[in-house]
Structure formats: C-alpha cells, structure tokens
file my_file.txt (compact mmCIF, C-alpha atoms and all ligand atoms)
# COMPACT_ATOMS: atom_id res chain seq x y z
CA MET I 1 171.71 1.41 -172.16
CA LEU I 2 171.96 5.13 -171.66
CA GLY I 3 174.24 6.70 -174.29
CA GLN I 4 175.68 9.94 -175.58
CA ASP I 5 172.50 11.09 -177.35
CA SER I 6 169.96 10.13 -174.70
CA LEU I 7 172.06 11.61 -171.89
CA ARG I 8 172.60 14.83 -173.84
CA SER I 9 168.91 15.24 -174.56
CA LEU I 10 167.77 14.58 -171.02
CA ALA I 11 170.46 16.91 -169.67
CA GLN I 12 169.29 19.63 -172.06
CA SER I 13 165.71 19.23 -170.93
CA LEU I 14 166.80 19.58 -167.29
CA GLY I 15 169.25 22.44 -167.99
CA ILE I 16 172.27 20.62 -166.60
CA GLU I 17 175.70 19.62 -167.90
CA ALA I 18 176.38 15.98 -168.67
CA VAL I 19 179.28 13.90 -169.96
CA TRP I 20 178.91 10.40 -171.41
CA LYS I 21 181.77 7.89 -171.58
CA ASP I 22 181.48 4.48 -173.24
CA GLU I 23 184.24 3.34 -170.90
CA THR I 24 186.08 4.99 -168.05
CA ARG I 25 187.92 4.03 -164.88
CA SER I 26 185.40 5.51 -162.45
CA THR I 27 182.64 8.06 -162.99
CA ASN I 28 183.25 9.29 -159.42
CA ALA I 29 186.88 10.01 -160.28
CA ASP I 30 185.74 11.78 -163.48
CA ALA I 31 183.16 13.86 -161.58
CA ILE I 32 185.73 14.83 -158.94
CA ALA I 33 188.09 15.99 -161.71
CA LEU I 34 185.27 18.05 -163.23
CA ALA I 35 184.36 19.49 -159.82
CA GLU I 36 188.00 20.46 -159.24
CA GLY I 37 187.86 22.25 -162.60
CA GLY I 38 184.81 24.26 -161.50
CA ALA I 39 181.95 22.20 -162.93
CA PRO I 40 178.56 23.56 -161.83
CA ASP I 41 176.04 21.99 -159.48
CA LEU I 42 174.32 18.90 -160.92
CA THR I 43 177.01 18.13 -163.52
CA VAL I 44 176.55 14.45 -164.40
CA VAL I 45 179.03 11.84 -165.63
CA ALA I 46 177.65 8.50 -166.80
CA ALA I 47 179.35 5.53 -168.39
CA GLY I 48 178.61 2.25 -170.10
CA HIS I 49 181.47 0.51 -168.33
CA GLN I 50 183.98 1.18 -165.55
CA THR I 51 187.36 -0.49 -165.31
CA ALA I 52 188.14 0.74 -161.76
CA GLY I 53 184.70 1.39 -160.24
CA ARG I 54 184.81 2.33 -156.58
CA GLY I 55 182.54 0.97 -153.86
CA ARG I 56 182.05 2.00 -150.25
CA LEU I 57 184.63 1.24 -147.57
CA GLY I 58 187.45 1.00 -150.10
CA ARG I 59 185.88 -1.85 -152.07
CA SER I 60 185.64 -2.07 -155.86
CA TRP I 61 182.40 -1.97 -157.83
CA GLU I 62 182.24 -4.23 -160.84
CA ALA I 63 179.57 -4.65 -163.48
CA PRO I 64 179.62 -6.10 -167.02
CA PRO I 65 179.54 -3.48 -169.83
CA GLY I 66 176.04 -2.15 -170.47
CA SER I 67 174.53 -3.94 -167.47
CA SER I 68 174.10 -1.02 -165.09
CA LEU I 69 173.37 2.60 -164.59
CA LEU I 70 176.76 4.02 -163.59
CA MET I 71 176.46 7.68 -162.82
CA SER I 72 178.05 10.36 -160.67
CA ILE I 73 176.72 13.81 -159.91
CA VAL I 74 178.54 16.92 -158.70
CA LEU I 75 176.58 18.69 -155.96
CA ARG I 76 177.54 22.13 -154.78
CA THR I 77 175.62 22.77 -151.63
CA ASP I 78 175.83 24.97 -148.57
CA VAL I 79 175.36 21.98 -146.32
CA ARG I 80 177.47 21.82 -143.17
CA PRO I 81 180.10 19.01 -143.19
CA GLU I 82 178.43 17.17 -140.30
CA ARG I 83 175.27 16.94 -142.39
CA LEU I 84 176.94 15.22 -145.36
CA PRO I 85 175.50 11.79 -144.40
CA LEU I 86 172.06 13.32 -144.90
CA VAL I 87 172.97 14.27 -148.47
CA SER I 88 173.81 10.69 -149.41
CA LEU I 89 170.71 9.51 -147.57
CA LEU I 90 168.68 11.93 -149.67
CA VAL I 91 170.29 10.70 -152.90
CA ALA I 92 169.54 7.09 -151.97
CA LEU I 93 165.93 8.02 -151.16
CA HIS I 94 165.51 9.66 -154.58
CA LEU I 95 166.89 6.49 -156.14
CA VAL I 96 164.41 4.40 -154.14
CA ASP I 97 161.61 6.66 -155.41
CA ALA I 98 162.76 6.40 -159.02
CA CYS I 99 163.01 2.59 -158.84
CA HIS I 100 159.55 2.47 -157.31
CA ASP I 101 157.80 5.03 -159.52
CA VAL I 102 159.44 4.22 -162.86
CA LEU I 103 160.40 0.55 -162.60
CA ALA I 104 157.51 -0.43 -160.30
CA LEU I 105 159.94 -2.20 -157.95
CA SER I 106 159.27 -2.56 -154.23
CA ALA I 107 162.56 -0.83 -153.55
CA ALA I 108 163.57 0.30 -150.07
CA LEU I 109 166.49 1.86 -148.27
CA LYS I 110 168.99 -0.24 -146.34
CA TRP I 111 170.99 1.94 -143.97
CA PRO I 112 173.06 3.91 -144.73
CA ASN I 113 172.41 4.23 -148.47
CA ASP I 114 171.84 0.96 -150.29
CA VAL I 115 168.73 0.34 -152.35
CA VAL I 116 167.34 -3.14 -151.81
CA VAL I 117 164.44 -5.27 -152.95
CA GLU I 118 163.51 -7.67 -150.15
CA ASP I 119 167.04 -7.52 -148.73
CA ARG I 120 168.70 -8.11 -152.10
CA LYS I 121 170.99 -5.24 -153.08
CA LEU I 122 169.85 -3.43 -156.21
CA ALA I 123 171.99 -0.29 -156.00
CA GLY I 124 174.72 1.37 -154.00
CA VAL I 125 175.60 5.02 -153.48
CA LEU I 126 179.12 6.31 -152.92
CA PRO I 127 179.51 9.90 -151.66
CA GLU I 128 182.90 11.60 -151.87
CA ALA I 129 183.17 15.15 -150.60
CA LYS I 130 185.80 17.86 -150.49
CA VAL I 131 185.75 19.92 -147.33
CA SER I 132 188.07 22.90 -147.01
CA GLY I 133 188.24 25.51 -144.27
CA GLY I 134 185.38 23.80 -142.43
CA ALA I 135 183.03 24.16 -145.40
CA VAL I 136 181.88 21.73 -148.07
CA ASP I 137 183.42 22.64 -151.42
CA TYR I 138 181.56 19.95 -153.37
CA VAL I 139 180.07 16.52 -152.98
CA VAL I 140 180.23 13.87 -155.69
CA VAL I 141 177.61 11.17 -155.33
CA GLY I 142 178.05 8.09 -157.46
CA LEU I 143 175.42 5.46 -157.96
CA GLY I 144 175.59 2.01 -159.40
CA LEU I 145 172.19 0.52 -160.19
CA ASN I 146 172.02 -3.10 -161.34
CA LEU I 147 169.69 -3.17 -164.32
CA ARG I 148 170.33 -6.06 -166.70
CA GLN I 149 172.49 -8.56 -164.82
CA GLY I 150 171.60 -12.21 -164.63
CA PRO I 151 172.64 -14.24 -161.56
CA GLU I 152 175.91 -15.32 -163.20
CA ASP I 153 176.93 -11.69 -163.70
CA PHE I 154 177.47 -11.27 -159.96
CA PRO I 155 180.60 -12.68 -158.31
CA PRO I 156 179.73 -15.90 -156.40
CA GLU I 157 180.41 -14.30 -153.02
CA ILE I 158 177.70 -11.64 -153.48
CA ARG I 159 175.32 -13.52 -155.79
CA LEU I 160 172.78 -14.47 -153.12
CA GLY I 161 172.60 -10.97 -151.73
CA ALA I 162 172.41 -9.09 -155.03
CA THR I 163 169.73 -8.50 -157.60
CA SER I 164 169.04 -6.50 -160.74
CA ALA I 165 165.95 -4.76 -162.05
CA ALA I 166 165.69 -7.43 -164.78
CA LEU I 167 165.84 -10.23 -162.21
CA GLU I 168 163.01 -8.51 -160.34
CA GLY I 169 160.91 -8.45 -163.52
CA ALA I 170 161.18 -4.73 -164.31
CA ASP I 171 161.25 -3.09 -167.74
CA VAL I 172 164.95 -2.44 -168.39
CA SER I 173 164.61 -0.97 -171.88
CA ASP I 174 166.66 2.08 -172.84
CA ALA I 175 163.48 4.19 -172.60
CA ALA I 176 162.78 3.00 -169.04
CA GLU I 177 166.37 3.77 -168.04
CA CYS I 178 166.07 7.30 -169.46
CA ASP I 179 162.80 7.83 -167.60
CA LEU I 180 164.41 6.63 -164.39
CA VAL I 181 167.39 8.98 -164.76
CA THR I 182 165.09 11.90 -165.59
CA HIS I 183 162.89 11.17 -162.55
CA PHE I 184 165.91 10.87 -160.27
CA LEU I 185 167.65 14.03 -161.51
CA THR I 186 164.43 16.04 -161.46
CA GLU I 187 163.92 15.18 -157.78
CA LEU I 188 167.57 15.84 -157.01
CA SER I 189 167.52 19.23 -158.72
CA ALA I 190 164.83 20.37 -156.26
CA PHE I 191 167.30 19.80 -153.40
CA GLU I 192 167.82 22.99 -151.45
CA PRO I 193 169.64 22.30 -148.22
CA GLY I 194 169.19 25.94 -147.14
CA GLN I 195 165.44 25.42 -146.74
CA PRO I 196 164.36 25.27 -143.13
CA GLY I 197 163.48 21.75 -142.08
CA TRP I 198 165.22 19.95 -144.98
CA ALA I 199 167.32 17.77 -142.67
CA GLU I 200 164.29 16.74 -140.59
CA ALA I 201 162.39 15.96 -143.80
CA VAL I 202 165.21 13.69 -145.04
CA VAL I 203 165.32 11.79 -141.74
CA GLU I 204 161.53 11.45 -141.66
CA SER I 205 161.44 10.14 -145.21
CA ALA I 206 164.28 7.73 -144.42
CA ARG I 207 162.36 6.44 -141.38
CA HIS I 208 159.47 5.52 -143.67
CA ASN I 209 161.62 3.84 -146.30
CA CYS I 210 164.33 2.16 -144.25
CA VAL I 211 164.01 -1.62 -143.92
CA THR I 212 166.85 -1.69 -141.39
CA LEU I 213 164.71 -0.20 -138.63
CA GLY I 214 163.27 -2.82 -136.29
CA ARG I 215 165.83 -5.40 -137.40
CA ASP I 216 168.64 -7.07 -135.47
CA VAL I 217 171.83 -5.92 -137.11
CA ARG I 218 175.58 -6.20 -136.95
CA ALA I 219 177.06 -2.82 -137.77
CA THR I 220 180.61 -2.50 -139.02
CA THR I 221 182.05 0.90 -138.25
CA LEU I 222 184.63 2.70 -140.34
CA ASP I 223 187.43 1.70 -137.94
CA GLY I 224 186.56 -1.97 -138.53
CA GLY I 225 184.77 -2.41 -135.19
CA ALA I 226 181.45 -4.25 -134.89
CA VAL I 227 178.33 -3.43 -132.88
CA GLU I 228 175.31 -5.69 -132.56
CA GLY I 229 171.85 -4.62 -131.59
CA ARG I 230 168.33 -3.85 -132.72
CA ALA I 231 168.03 -0.86 -135.04
CA ARG I 232 165.55 1.43 -133.31
CA ASP I 233 165.70 4.77 -135.09
CA LEU I 234 167.71 7.29 -137.07
CA ASP I 235 169.18 10.26 -135.23
CA PRO I 236 168.95 13.85 -136.58
CA SER I 237 172.23 13.36 -138.51
CA GLY I 238 171.08 10.15 -140.18
CA GLY I 239 173.05 7.90 -137.81
CA LEU I 240 171.59 4.53 -136.87
CA VAL I 241 170.39 4.25 -133.26
CA LEU I 242 170.93 0.72 -131.96
CA ASP I 243 169.65 -0.84 -128.76
CA THR I 244 172.55 -3.02 -127.67
CA ALA I 245 173.14 -5.15 -124.57
CA GLU I 246 175.13 -2.19 -123.20
CA GLY I 247 172.44 0.41 -123.94
CA ALA I 248 171.70 2.75 -126.83
CA ARG I 249 174.53 3.36 -129.28
CA VAL I 250 174.59 5.53 -132.42
CA VAL I 251 176.50 4.32 -135.46
CA ALA I 252 177.21 7.41 -137.56
CA PHE I 253 179.08 5.80 -140.47
CA GLY I 254 179.61 2.28 -141.67
CA GLU I 255 177.31 -0.43 -142.90
CA VAL I 256 175.06 -3.10 -141.49
CA GLN I 257 174.21 -6.71 -142.02
CA HIS I 258 170.64 -7.66 -141.23
CA VAL I 259 171.17 -10.71 -139.01
CA ARG I 260 167.56 -11.82 -138.80
CA PRO I 261 164.99 -12.03 -141.60
CA ALA I 262 162.35 -9.29 -141.80
CA GLY I 263 158.93 -9.74 -140.20
C1 LIG L 301 178.58 0.69 -152.71
O1 LIG L 301 179.65 0.15 -152.40
O2 LIG L 301 177.50 0.23 -152.35
C2 LIG L 301 178.58 1.95 -153.54
C3 LIG L 301 178.85 1.63 -154.98
C4 LIG L 301 178.84 2.84 -155.87
C5 LIG L 301 179.24 2.48 -157.27
C6 LIG L 301 179.09 3.63 -158.21
S1 LIG L 301 179.16 3.13 -159.89
C7 LIG L 301 179.22 4.79 -160.41
C8 LIG L 301 180.10 5.53 -159.43
N1 LIG L 301 181.49 5.47 -159.83
C9 LIG L 301 182.23 4.74 -159.00
O3 LIG L 301 183.44 4.51 -159.13
N2 LIG L 301 181.46 4.27 -158.00
C10 LIG L 301 180.10 4.75 -158.10

call {"tool": "encode", "arguments": {"input": "my_file.txt", "output": "structure tokens", "more": "lines below"}}
Ligand code: BTN
result
Amino acid sequence: MLGQDSLRSLAQSLGIEAVWKDETRSTNADAIALAEGGAPDLTVVAAGHQTAGRGRLGRSWEAPPGSSLLMSIVLRTDVRPERLPLVSLLVALHLVDACHDVLALSAALKWPNDVVVEDRKLAGVLPEAKVSGGAVDYVVVGLGLNLRQGPEDFPPEIRLGATSAALEGADVSDAAECDLVTHFLTELSAFEPGQPGWAEAVVESARHNCVTLGRDVRATTLDGGAVEGRARDLDPSGGLVLDTAEGARVVAFGEVQHVRPAG
C-alpha cells in the first residue's frame, strides 16, 4: 500500500504537495476542502481507506482497507467549463497508460472514464469541479483503482463486472504501486490545456483507447433517461456519438452498458 513516507517522497521528487491519510471519509471531499483553502495545482490526497467514498452518479465507492489506490488531485486549469469532460477523459487515459506501462495490463477506456480490462471494471474516475462566474475555479479528480481485491471483496451485485490488478495477474507490490502513481502524476503534470490542439489530442487518444466505440450500448443520461444505439465516435467535447433507430444522437454525460460482447 502507498503510505505517508512513499507518498511524501514521490511528491517531493515531482515538486508537488501531497497529503496521506490512513483513513478518511472521501479523498475527493478532502481535496475539495484543500482547493477551497487555496491548495496549488496538482495537490494530491491519498488514503488507505475511505468510510464514505463517492462514486459517479451519486453512488458510493467501497473498498476494503489497503486494497486500492484511492487518490484525488486538485487541478487548477484555464479550461473552459464546457471542456471539463475532456479533463476527466484525459485523467482516465493517463490511468489507462499507467496500468498498461507499469502493471502490464491490457487496460482500456470505457466511456466516459472507466478503466477496464476486457470489460471488467478496474478503476473509476470521479471529477468534481467548481465553476464560478463562467470560469473553472478548480477541478478535483478522484480515482479508485482496484489493486489487491479478491472476488469476494466486491459486493455480489458488481462481482462479475469488476476486477483488480491482482486478479489480472499484475504485480501489486508497494513498489509497483509507487511506480504507477509516479507514472500517472508525471503524465498529468505535463497537462497544459492552453496548448493549441490539446482538446483534439485528448479526443484522438480516447478514440484509440476506447472499447465502447463500435459496440451496441445502452446509455443512461444524467436525467435518468436511456438511449440505445451503436457507439460510432466521440464528438469534439468527448461526448459519445450513437447511431440510434431515430438517427445520430450525442450523449454528453452519463454512462453506458455494453449490451453486446466485443468482437
Ligand atoms: C466511479 O463511480 O466509477 C468513480 C469512482 C471514484 C472513486 C474514487 S476513490 C478516491 C476518490 N474519492 C472518492 O470519494 N471517490 C474517488
């Protein structure tokens, strides 16, 4: 497991601020509190256990103590509010890269920002942003990466659709976890949304890594509605373009179920 000393030393080497908690309610809540207090870009909060972990769409995120990488990062960027989905897409893509490069997992992106191995969910990303006066004040991105869980560590209702790095045969030693965090944060620290073409580059990279494209999906939108169709593409804002019986439809936010196996 990551801990106080290893987090401090990797943060020092990257020149960023980091806070370790053996136990907390939610690292996203902690990071938001730090951001409200003026914490700088790339401030990291990581924990060994969460007692009120938050998932997407108002769900909870639960993991046994020491089983997972539980980490939230404060991002201060000049990105326009309508481009926030691209920021979480970018974070998920960096996590895919780190799982691939460091843990040698065949990790991929499931729209909008899950990391999967052959359709089994390995990690989730939860963005929470503060927008004031039409501008982004900060974004907190939290990630929960299943590292050491066995099948019985997942609740029965998600067991079949979930996996961990250990279950996929990866090295889940403390050293491997530190290398993964270093790889991920190093890539993330190169993020400069002001650079021309960054948004196009994120979408292009997502197109190459997204296992949702080409699949028949049922998309649940934030208002609880459902749309079915074949996922054809990503639009310039990172929304999912679906071919439905009624024509093309873009789902900007929400989540999808793959309703037909890959291939
Ligand atoms: C999802 O529902 O797929 C996103 C889950 C994100 C969970 C992580 S764990 C660390 C951070 N703190 C939280 O409370 N949630 C995120």

call {"tool": "residues_around", "arguments": {"input": "my_file.txt", "residues": "Arg120 in chain I", "least_positions_apart": "6", "cutoff": "12 Å", "atoms": "only C-alpha atoms", "output": "PDB file with C-alpha atoms, keeping the file's coordinate frame"}}
result
ATOM      1  CA  SER I 106     159.270  -2.560-154.230  1.00  0.00           C
ATOM      2  CA  ALA I 107     162.560  -0.830-153.550  1.00  0.00           C
ATOM      3  CA  ALA I 108     163.570   0.300-150.070  1.00  0.00           C
ATOM      4  CA  LEU I 109     166.490   1.860-148.270  1.00  0.00           C
ATOM      5  CA  LYS I 110     168.990  -0.240-146.340  1.00  0.00           C
ATOM      6  CA  ASP I 114     171.840   0.960-150.290  1.00  0.00           C
ATOM      7  CA  ASN I 146     172.020  -3.100-161.340  1.00  0.00           C
ATOM      8  CA  PRO I 151     172.640 -14.240-161.560  1.00  0.00           C
ATOM      9  CA  ILE I 158     177.700 -11.640-153.480  1.00  0.00           C
ATOM     10  CA  ARG I 159     175.320 -13.520-155.790  1.00  0.00           C
ATOM     11  CA  LEU I 160     172.780 -14.470-153.120  1.00  0.00           C
ATOM     12  CA  GLY I 161     172.600 -10.970-151.730  1.00  0.00           C
ATOM     13  CA  ALA I 162     172.410  -9.090-155.030  1.00  0.00           C
ATOM     14  CA  THR I 163     169.730  -8.500-157.600  1.00  0.00           C
ATOM     15  CA  SER I 164     169.040  -6.500-160.740  1.00  0.00           C
ATOM     16  CA  ALA I 165     165.950  -4.760-162.050  1.00  0.00           C
ATOM     17  CA  LEU I 167     165.840 -10.230-162.210  1.00  0.00           C
ATOM     18  CA  GLU I 168     163.010  -8.510-160.340  1.00  0.00           C
ATOM     19  CA  VAL I 211     164.010  -1.620-143.920  1.00  0.00           C
ATOM     20  CA  GLN I 257     174.210  -6.710-142.020  1.00  0.00           C
ATOM     21  CA  HIS I 258     170.640  -7.660-141.230  1.00  0.00           C
ATOM     22  CA  PRO I 261     164.990 -12.030-141.600  1.00  0.00           C
TER      23      PRO I 261
END

call {"tool": "closest_residue", "arguments": {"input": "my_file.txt", "among": "I:Glu228, I:Glu255, I:Asp101, I:Asp233", "to": "ligand LIG 301 (chain L)", "atoms": "all atoms listed in the file"}}
result
I:Glu255

call {"tool": "residues_near_ligand", "arguments": {"input": "my_file.txt", "ligand": "ligand LIG 301 (chain L)", "cutoff": "6 Å", "atoms": "only C-alpha atoms and all ligand atoms", "output": "PyMOL selection string"}}
result
chain I and resi 26-28+53-56+61+70-72+124-126+142-144

call {"tool": "residues_around", "arguments": {"input": "my_file.txt", "residues": "range 246-253 of chain I", "least_positions_apart": "3", "cutoff": "9 Å", "atoms": "all atoms listed in the file", "output": "number ranges by chain"}}
result
I: 85, 112, 219-222, 227, 229, 234-235, 237-243

call {"tool": "residues_near_point", "arguments": {"input": "my_file.txt", "point": "(184.6, 16.7, -165.0)", "cutoff": "12 Å", "atoms": "all atoms listed in the file", "output": "ChimeraX atom specification"}}
result
/I:17-21,26-46,72-74,140

call {"tool": "residues_around", "arguments": {"input": "my_file.txt", "residues": "Ala135 in chain I", "least_positions_apart": "5", "cutoff": "10 Å", "atoms": "all atoms listed in the file", "output": "ChimeraX atom specification"}}
result
/I:77-82,130

call {"tool": "closest_residue", "arguments": {"input": "my_file.txt", "among": "I:Leu75, I:Asn209, I:Tyr138, I:Ser6", "to": "Val116 in chain I", "atoms": "all atoms listed in the file"}}
result
I:Asn209

call {"tool": "axis_aligned_box", "arguments": {"input": "my_file.txt", "around": "range 15-27 of chain I", "padding_each_side": "4 Å", "output": "lines of an AutoDock Vina configuration file"}}
result
center_x = 178.6
center_y = 12.9
center_z = -167.8
size_x = 26.7
size_y = 27.1
size_z = 18.8

call {"tool": "residues_near_point", "arguments": {"input": "my_file.txt", "point": "(176.8, 7.2, -175.5)", "cutoff": "8 Å", "atoms": "all atoms listed in the file", "output": "number ranges by chain"}}
result
I: 2-7, 20-22, 47-48

call {"tool": "closest_residue", "arguments": {"input": "my_file.txt", "among": "I:Ala231, I:Val172, I:Ala52, I:Leu14", "to": "Leu185 in chain I", "atoms": "only C-alpha atoms"}}
result
I:Leu14

call {"tool": "residues_around", "arguments": {"input": "my_file.txt", "residues": "Ala206 in chain I", "least_positions_apart": "3", "cutoff": "8 Å", "atoms": "only C-alpha atoms", "output": "short mmCIF file (atom, residue, chain, number, x, y, z; two decimals) with C-alpha atoms, in the coordinates of the input"}}
result
data_model
loop_
_atom_site.label_atom_id
_atom_site.label_comp_id
_atom_site.auth_asym_id
_atom_site.auth_seq_id
_atom_site.Cartn_x
_atom_site.Cartn_y
_atom_site.Cartn_z
CA LEU I 89 170.71 9.51 -147.57
CA LEU I 93 165.93 8.02 -151.16
CA LEU I 109 166.49 1.86 -148.27
CA VAL I 202 165.21 13.69 -145.04
CA VAL I 203 165.32 11.79 -141.74
CA ASN I 209 161.62 3.84 -146.30
CA CYS I 210 164.33 2.16 -144.25
#

call {"tool": "atom_distance", "arguments": {"input": "my_file.txt", "atom1": "CA of Val259 in chain I", "atom2": "CA of Asp216 in chain I"}}
result
5.7 Å

call {"tool": "residues_around", "arguments": {"input": "my_file.txt", "residues": "Arg148 in chain I", "least_positions_apart": "4", "cutoff": "12 Å", "atoms": "only C-alpha atoms", "output": "list in words"}}
result
Met1, Ala63, Pro64, Pro65, Gly66, Ser67, Ser68, Leu69, Leu122, Glu152, Asp153, Phe154, Thr163, Ser164, Ala165, Ala166, Leu167, Glu168, Gly169, Ala170, Asp171, Val172, Ser173, Asp174 and Glu177 of chain I

call {"tool": "atom_distance", "arguments": {"input": "my_file.txt", "atom1": "CA of Val87 in chain I", "atom2": "CA of Glu128 in chain I"}}
result
10.8 Å

call {"tool": "closest_residue", "arguments": {"input": "my_file.txt", "among": "I:Asp97, I:Pro156, I:Gly58, I:Val136", "to": "Gly254 in chain I", "atoms": "all atoms listed in the file"}}
result
I:Gly58

call {"tool": "closest_residue", "arguments": {"input": "my_file.txt", "among": "I:Ser205, I:Trp111, I:Lys121, I:Ser13", "to": "Val217 in chain I", "atoms": "only C-alpha atoms"}}
result
I:Trp111

call {"tool": "atom_distance", "arguments": {"input": "my_file.txt", "atom1": "CA of Pro127 in chain I", "atom2": "CA of Val91 in chain I"}}
result
9.3 Å

call {"tool": "closest_residue", "arguments": {"input": "my_file.txt", "among": "I:Arg230, I:Ala129, I:Asn113, I:Thr24", "to": "His49 in chain I", "atoms": "only C-alpha atoms"}}
result
I:Thr24
